[in-house]
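First the structure, in the form of structure tokens, and then the observations on it.
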Amino acid sequence: MTKRVVLAYSGGLDTSVAVRWLGEKMGVEVIALAADVGQGGDLEEVRQRAFAAGAVEALVVDCREEYARDFVAPALKANAKYEGKYPLVSSLSRPVIVKHMVAAAREHGATAVAHGCTGKGNDQVRFEVSTRALAPDLDVVTPVRDWGMTREECIDYAERFEIPVTVTKKSPYSIDQNLWGRAVECGILEDPWAQPPEEVYELTTPTAVGPTELTIGFDQGIPVSLDGRSMALHELIEEVSRVVGSYGWGRIDMVENRRVGIKSREVYECPGALALLMAHADLEDLTLERDLAHEKARLEPRYAELVYDGLWFSPLKQAIDAFVDESQRFVSGEVRLRCEVPGRCIVAGRRSDVSLYDYGLATYEAADRFRHEDAEGFVRLWGLAVETWAARQARRPRSGPRPGSEQ
Ligand code: ARG
């Protein structure tokens, strides 16, 4: 029986050529799977393109709700940004795609999964490590990494086999997009000194004219309403992205460290992600106790690294999720975002029924509940060690270095 492979299919040049190449060079049947993670575009057209390229089956799976709930929400609760900047757009979508590839492999009797990543990027790591975690018995086939064709040769191959592709030799960018944002690489962006041309942006083209406000309602760390209207998370993210993006806000231009040892210049547009991360972190400032907030902040960069490095399905990541979930019990309330022309989005206010902000303690008005007399003794003990040290400095002033002298 001919072997079957489930290929993660985007409808782009590489994966379309991969469909044919896998059949021709490896003699396998290809089941193309396109996951809808909110990238937009016509996925029925993508499905037809997979058939035209030679797939025996082509599946479109709507993962938007699951992706938002099970992948984006945990990352949001963890305030996850790789290297302090990148909200992990592509890193988050790969594990959900792999989950569905594995399910499709089981259903259609495939013995392998395949992806269209090159050997230079992070996405291959995420596809393969996630597959190892979920289905160690499946092989992973990597046509694009193995075939050694240049982009031009790929286009020629597509023309030769009449594979319908939309790219032309002139379009230089590599783009990956989902609910959580958009990543752009290649072309002129490979020069870190060159300013990204306006043409690379799609989600953050400024069109808004006057200021606007968005009130985000959170329940235990998860955004659940927009301006008082309850909304499914994936729809809320789309709406916030659209509004905030129209102010030209949410761009990231960074040089990042890939897992495979390469520094690369990346341009991202993440208006919704950055706005929601900002709002969420702000609500935590209001509702998390100090030690918990500080310890959580120490774990957040580690969490982002694990996700970036393809370790979504891993024990440390799971354990940090449990810690984060516990921390979110009281992260409920509302955050008011204000957008202004040009390119500004700020937190204008926050409130919560379970806030730890106590007006009676914080106010400088006369009627406060703070026991001022407690402060005197507290501060004296707090500074006692330093006071003792300073007194010794006064008795034994430091001269030049002497062998054996104390510091
Ligand atoms: N550098 C980002 C990451 O590693 C974005 C990758 C974009 N992927 C792509 N196939 N264009 O997560």
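In the structure tokens, each chain is lettered A, B, ... as it comes, each chain's residues begin at 1, and ligands are numbered from 1 in order of appearance.
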
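Inspection of the environment of ligand 1, which uses only C-alpha atoms and all ligand atoms and a cut-off of 7 Å, identifies the neighbouring residues as Leu88, Val89, Ser90, Ser91, Cys117, Gly121, Asn122, Asp123, Ser174, Ile175, Asp176, Ala183, Val184, Glu185, Arg258, Glu266 and Tyr308 of chain A.
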
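Every protein or nucleic acid residue with an atom no more than 8 Å from segment 56-73 of chain A, counting only C-alpha atoms and leaving out same-chain residues fewer than 5 positions away, appears here: Glu29, Val30, Ile31, Ala32, Leu33, Ala34, Ala35, Asp36, Val37, Gly38, Leu43, Glu44, Arg47, Gln48, Ala50, Phe51, Leu92, Ser93, Val96, His100, Leu179, Trp180, Ile222, Ala232, Leu233 and His234 of chain A.
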
Mind dumping the selected residues with N, CA, C and O atoms as an mmCIF file, in the first residue's frame?
```
data_model
loop_
_atom_site.group_PDB
_atom_site.id
_atom_site.type_symbol
_atom_site.label_atom_id
_atom_site.label_comp_id
_atom_site.auth_asym_id
_atom_site.auth_seq_id
_atom_site.Cartn_x
_atom_site.Cartn_y
_atom_site.Cartn_z
ATOM 1 N N GLU A 29 1.557 9.337 -0.858
ATOM 2 C CA GLU A 29 0.322 10.096 -1.060
ATOM 3 C C GLU A 29 0.276 11.226 -0.041
ATOM 4 O O GLU A 29 0.599 11.017 1.126
ATOM 5 N N VAL A 30 -0.140 12.392 -0.519
ATOM 6 C CA VAL A 30 -0.124 13.552 0.371
ATOM 7 C C VAL A 30 -1.544 13.957 0.768
ATOM 8 O O VAL A 30 -2.413 14.138 -0.084
ATOM 9 N N ILE A 31 -1.736 14.058 2.074
ATOM 10 C CA ILE A 31 -2.966 14.648 2.615
ATOM 11 C C ILE A 31 -2.585 16.039 3.094
ATOM 12 O O ILE A 31 -1.789 16.186 4.021
ATOM 13 N N ALA A 32 -3.106 17.051 2.415
ATOM 14 C CA ALA A 32 -2.754 18.428 2.774
ATOM 15 C C ALA A 32 -3.702 18.908 3.863
ATOM 16 O O ALA A 32 -4.914 18.742 3.761
ATOM 17 N N LEU A 33 -3.133 19.489 4.904
ATOM 18 C CA LEU A 33 -3.977 20.012 5.984
ATOM 19 C C LEU A 33 -3.706 21.504 6.168
ATOM 20 O O LEU A 33 -2.573 21.911 6.455
ATOM 21 N N ALA A 34 -4.742 22.300 5.932
ATOM 22 C CA ALA A 34 -4.624 23.740 6.162
ATOM 23 C C ALA A 34 -5.363 24.070 7.448
ATOM 24 O O ALA A 34 -6.561 23.800 7.576
ATOM 25 N N ALA A 35 -4.647 24.616 8.413
ATOM 26 C CA ALA A 35 -5.276 24.969 9.693
ATOM 27 C C ALA A 35 -5.661 26.437 9.653
ATOM 28 O O ALA A 35 -4.841 27.287 9.309
ATOM 29 N N ASP A 36 -6.908 26.704 9.994
ATOM 30 C CA ASP A 36 -7.322 28.105 10.097
ATOM 31 C C ASP A 36 -7.013 28.592 11.506
ATOM 32 O O ASP A 36 -7.681 28.238 12.472
ATOM 33 N N VAL A 37 -5.949 29.380 11.617
ATOM 34 C CA VAL A 37 -5.577 29.961 12.907
ATOM 35 C C VAL A 37 -5.788 31.477 12.878
ATOM 36 O O VAL A 37 -5.158 32.220 13.618
ATOM 37 N N GLY A 38 -6.671 31.891 11.967
ATOM 38 C CA GLY A 38 -6.994 33.310 11.877
ATOM 39 C C GLY A 38 -6.073 34.082 10.953
ATOM 40 O O GLY A 38 -5.917 35.296 11.084
ATOM 41 N N LEU A 43 -9.799 29.948 2.520
ATOM 42 C CA LEU A 43 -9.201 28.633 2.746
ATOM 43 C C LEU A 43 -9.802 27.553 1.847
ATOM 44 O O LEU A 43 -9.177 26.515 1.618
ATOM 45 N N GLU A 44 -10.983 27.802 1.320
ATOM 46 C CA GLU A 44 -11.530 26.861 0.336
ATOM 47 C C GLU A 44 -10.669 26.908 -0.936
ATOM 48 O O GLU A 44 -10.379 25.870 -1.545
ATOM 49 N N ARG A 47 -7.621 24.956 -0.281
ATOM 50 C CA ARG A 47 -7.928 23.527 -0.378
ATOM 51 C C ARG A 47 -7.900 23.060 -1.835
ATOM 52 O O ARG A 47 -7.317 22.036 -2.174
ATOM 53 N N GLN A 48 -8.523 23.859 -2.701
ATOM 54 C CA GLN A 48 -8.549 23.502 -4.123
ATOM 55 C C GLN A 48 -7.144 23.516 -4.717
ATOM 56 O O GLN A 48 -6.797 22.704 -5.577
ATOM 57 N N ALA A 50 -4.464 22.740 -3.164
ATOM 58 C CA ALA A 50 -3.780 21.512 -2.735
ATOM 59 C C ALA A 50 -4.130 20.351 -3.676
ATOM 60 O O ALA A 50 -3.260 19.580 -4.082
ATOM 61 N N PHE A 51 -5.406 20.260 -4.037
ATOM 62 C CA PHE A 51 -5.809 19.220 -4.995
ATOM 63 C C PHE A 51 -5.105 19.437 -6.332
ATOM 64 O O PHE A 51 -4.597 18.492 -6.941
ATOM 65 N N LEU A 92 3.322 30.083 18.750
ATOM 66 C CA LEU A 92 2.108 29.565 19.378
ATOM 67 C C LEU A 92 1.259 28.745 18.421
ATOM 68 O O LEU A 92 0.544 27.838 18.843
ATOM 69 N N SER A 93 1.328 29.069 17.137
ATOM 70 C CA SER A 93 0.425 28.375 16.206
ATOM 71 C C SER A 93 0.928 26.981 15.842
ATOM 72 O O SER A 93 0.132 26.099 15.546
ATOM 73 N N VAL A 96 -0.589 23.915 17.859
ATOM 74 C CA VAL A 96 -1.989 23.579 17.572
ATOM 75 C C VAL A 96 -2.098 22.928 16.193
ATOM 76 O O VAL A 96 -2.878 21.990 15.993
ATOM 77 N N HIS A 100 -3.480 18.891 15.204
ATOM 78 C CA HIS A 100 -4.446 18.487 14.179
ATOM 79 C C HIS A 100 -3.815 17.614 13.089
ATOM 80 O O HIS A 100 -4.492 16.776 12.496
ATOM 81 N N LEU A 179 -4.172 34.852 14.285
ATOM 82 C CA LEU A 179 -4.920 35.741 15.191
ATOM 83 C C LEU A 179 -4.052 36.701 16.000
ATOM 84 O O LEU A 179 -4.437 37.804 16.286
ATOM 85 N N TRP A 180 -2.901 36.191 16.439
ATOM 86 C CA TRP A 180 -2.078 36.903 17.411
ATOM 87 C C TRP A 180 -1.131 37.901 16.743
ATOM 88 O O TRP A 180 -0.415 38.632 17.426
ATOM 89 N N ILE A 222 -8.282 36.198 31.622
ATOM 90 C CA ILE A 222 -8.673 36.015 30.224
ATOM 91 C C ILE A 222 -9.631 37.122 29.795
ATOM 92 O O ILE A 222 -10.602 37.393 30.498
ATOM 93 N N ALA A 232 -16.413 35.835 22.336
ATOM 94 C CA ALA A 232 -15.467 34.720 22.272
ATOM 95 C C ALA A 232 -14.070 35.316 22.098
ATOM 96 O O ALA A 232 -13.904 36.336 21.421
ATOM 97 N N LEU A 233 -13.082 34.651 22.707
ATOM 98 C CA LEU A 233 -11.736 35.232 22.727
ATOM 99 C C LEU A 233 -11.191 35.501 21.328
ATOM 100 O O LEU A 233 -10.602 36.551 21.074
ATOM 101 N N HIS A 234 -11.401 34.550 20.398
ATOM 102 C CA HIS A 234 -10.799 34.767 19.072
ATOM 103 C C HIS A 234 -11.435 35.965 18.372
ATOM 104 O O HIS A 234 -10.756 36.699 17.654
#
```

Original post:
Out of segment 98-336 of chain A, which residues get alpha helix (DSSP H) from DSSP, as a ChimeraX atom specification?
Top reply: /A:98-108,123-134,143-147,151-160,233-245,271-287,290-308,315-327

Can I get the residues of segment 131-239 of chain A within 8 Å of segment 336-340 of chain A, each with the closest pair of atoms and their distance in Å to one decimal, using only C-alpha atoms, sorted chain first then ascending number, as CSV?
```
residue,atom,partner,partner_atom,distance
A:Gly210,CA,A:Glu340,CA,6.7
A:Pro211,CA,A:Glu340,CA,4.5
A:Thr212,CA,A:Cys339,CA,5.4
A:Glu213,CA,A:Arg338,CA,4.5
A:Leu214,CA,A:Leu337,CA,5.1
A:Thr215,CA,A:Arg336,CA,4.4
A:Ile216,CA,A:Arg336,CA,6.4
```

Check segment 72-204 of chain A with DSSP on the backbone and list each residue it calls strand (DSSP E or B), as a short mmCIF file (atom, residue, chain, number, x, y, z; two decimals) with all heavy atoms, in the first residue's frame.
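Output contents, as saved in part02.cif:
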```cif
data_model
loop_
_atom_site.label_atom_id
_atom_site.label_comp_id
_atom_site.auth_asym_id
_atom_site.auth_seq_id
_atom_site.Cartn_x
_atom_site.Cartn_y
_atom_site.Cartn_z
N TYR A 82 8.92 36.92 23.82
CA TYR A 82 10.30 36.44 23.66
C TYR A 82 11.26 37.62 23.57
O TYR A 82 11.01 38.58 22.84
CB TYR A 82 10.41 35.57 22.39
CG TYR A 82 11.80 35.03 22.16
CD1 TYR A 82 12.40 34.16 23.07
CD2 TYR A 82 12.53 35.41 21.03
CE1 TYR A 82 13.67 33.68 22.86
CE2 TYR A 82 13.80 34.91 20.80
CZ TYR A 82 14.37 34.05 21.72
OH TYR A 82 15.64 33.57 21.50
N TYR A 86 8.68 40.06 21.50
CA TYR A 86 7.91 39.35 20.48
C TYR A 86 6.85 38.45 21.11
O TYR A 86 7.20 37.51 21.83
CB TYR A 86 8.89 38.56 19.61
CG TYR A 86 8.31 37.47 18.74
CD1 TYR A 86 7.24 37.73 17.89
CD2 TYR A 86 8.86 36.19 18.75
CE1 TYR A 86 6.72 36.73 17.08
CE2 TYR A 86 8.35 35.18 17.95
CZ TYR A 86 7.28 35.46 17.12
OH TYR A 86 6.77 34.46 16.32
N ALA A 112 3.37 9.34 8.57
CA ALA A 112 4.32 10.45 8.74
C ALA A 112 3.59 11.77 8.62
O ALA A 112 2.50 11.85 8.04
CB ALA A 112 5.42 10.37 7.68
N VAL A 113 4.21 12.80 9.18
CA VAL A 113 3.76 14.17 8.93
C VAL A 113 4.90 14.90 8.22
O VAL A 113 6.06 14.48 8.29
CB VAL A 113 3.39 14.91 10.24
CG1 VAL A 113 2.16 14.30 10.88
CG2 VAL A 113 4.55 14.94 11.22
N ALA A 114 4.53 15.98 7.52
CA ALA A 114 5.54 16.74 6.79
C ALA A 114 5.29 18.23 6.98
O ALA A 114 4.15 18.66 7.17
CB ALA A 114 5.49 16.39 5.31
N ASP A 139 6.83 9.40 11.58
CA ASP A 139 8.02 9.98 10.98
C ASP A 139 7.75 11.43 10.63
O ASP A 139 6.60 11.83 10.44
CB ASP A 139 8.36 9.24 9.67
CG ASP A 139 8.97 7.87 9.95
OD1 ASP A 139 9.63 7.72 11.01
OD2 ASP A 139 8.78 6.96 9.11
N VAL A 140 8.82 12.21 10.52
CA VAL A 140 8.67 13.59 10.05
C VAL A 140 9.44 13.73 8.75
O VAL A 140 10.63 13.40 8.68
CB VAL A 140 9.19 14.60 11.09
CG1 VAL A 140 8.94 16.02 10.59
CG2 VAL A 140 8.50 14.41 12.43
N VAL A 141 8.75 14.18 7.72
CA VAL A 141 9.36 14.35 6.40
C VAL A 141 9.50 15.84 6.14
O VAL A 141 8.59 16.62 6.40
CB VAL A 141 8.48 13.69 5.32
CG1 VAL A 141 9.16 13.76 3.97
CG2 VAL A 141 8.17 12.24 5.69
N SER A 174 8.78 36.76 3.32
CA SER A 174 8.21 35.54 3.89
C SER A 174 7.29 35.98 5.02
O SER A 174 7.72 36.66 5.95
CB SER A 174 9.34 34.64 4.41
OG SER A 174 8.80 33.71 5.31
N ILE A 175 6.04 35.58 4.93
CA ILE A 175 5.04 36.09 5.87
C ILE A 175 4.35 34.94 6.60
O ILE A 175 4.02 33.92 5.99
CB ILE A 175 4.00 36.94 5.11
CG1 ILE A 175 4.69 38.22 4.61
CG2 ILE A 175 2.81 37.30 6.01
CD1 ILE A 175 3.97 38.92 3.51
N ASP A 176 4.16 35.11 7.88
CA ASP A 176 3.37 34.14 8.64
C ASP A 176 2.38 34.92 9.49
O ASP A 176 2.76 35.90 10.15
CB ASP A 176 4.26 33.28 9.52
CG ASP A 176 3.46 32.18 10.20
OD1 ASP A 176 2.69 31.49 9.49
OD2 ASP A 176 3.58 32.00 11.43
N GLN A 177 1.12 34.50 9.45
CA GLN A 177 0.10 35.29 10.12
C GLN A 177 -0.91 34.41 10.84
O GLN A 177 -1.24 33.32 10.37
CB GLN A 177 -0.62 36.15 9.06
CG GLN A 177 -1.60 37.14 9.64
CD GLN A 177 -2.10 38.13 8.60
OE1 GLN A 177 -1.47 38.30 7.55
NE2 GLN A 177 -3.20 38.79 8.88
N ASN A 178 -1.38 34.89 11.97
CA ASN A 178 -2.53 34.26 12.63
C ASN A 178 -3.19 35.30 13.51
O ASN A 178 -2.84 36.48 13.47
CB ASN A 178 -2.08 32.99 13.38
CG ASN A 178 -1.10 33.26 14.51
OD1 ASN A 178 -1.41 33.99 15.45
ND2 ASN A 178 0.09 32.68 14.42
N GLY A 181 -1.09 37.91 15.39
CA GLY A 181 -0.26 38.90 14.71
C GLY A 181 0.34 38.38 13.42
O GLY A 181 -0.08 37.35 12.89
N ARG A 182 1.32 39.13 12.92
CA ARG A 182 1.86 38.87 11.60
C ARG A 182 3.38 39.05 11.65
O ARG A 182 3.86 40.03 12.23
CB ARG A 182 1.23 39.88 10.65
CG ARG A 182 1.58 39.76 9.20
CD ARG A 182 0.62 40.64 8.38
NE ARG A 182 0.98 40.62 6.97
CZ ARG A 182 1.81 41.47 6.41
NH1 ARG A 182 2.34 42.46 7.12
NH2 ARG A 182 2.12 41.37 5.13
N ALA A 183 4.10 38.11 11.05
CA ALA A 183 5.56 38.15 11.04
C ALA A 183 6.03 38.33 9.60
O ALA A 183 5.53 37.66 8.70
CB ALA A 183 6.13 36.85 11.60
N VAL A 184 6.97 39.22 9.38
CA VAL A 184 7.51 39.45 8.03
C VAL A 184 9.03 39.33 8.06
O VAL A 184 9.69 39.93 8.92
CB VAL A 184 7.13 40.86 7.50
CG1 VAL A 184 7.45 40.97 6.01
CG2 VAL A 184 5.67 41.18 7.77
N GLU A 185 9.56 38.56 7.13
CA GLU A 185 11.01 38.37 7.04
C GLU A 185 11.44 38.48 5.58
O GLU A 185 10.61 38.47 4.68
CB GLU A 185 11.41 36.96 7.52
CG GLU A 185 11.01 36.64 8.94
CD GLU A 185 11.15 35.16 9.28
OE1 GLU A 185 10.92 34.31 8.40
OE2 GLU A 185 11.49 34.86 10.43
#
```
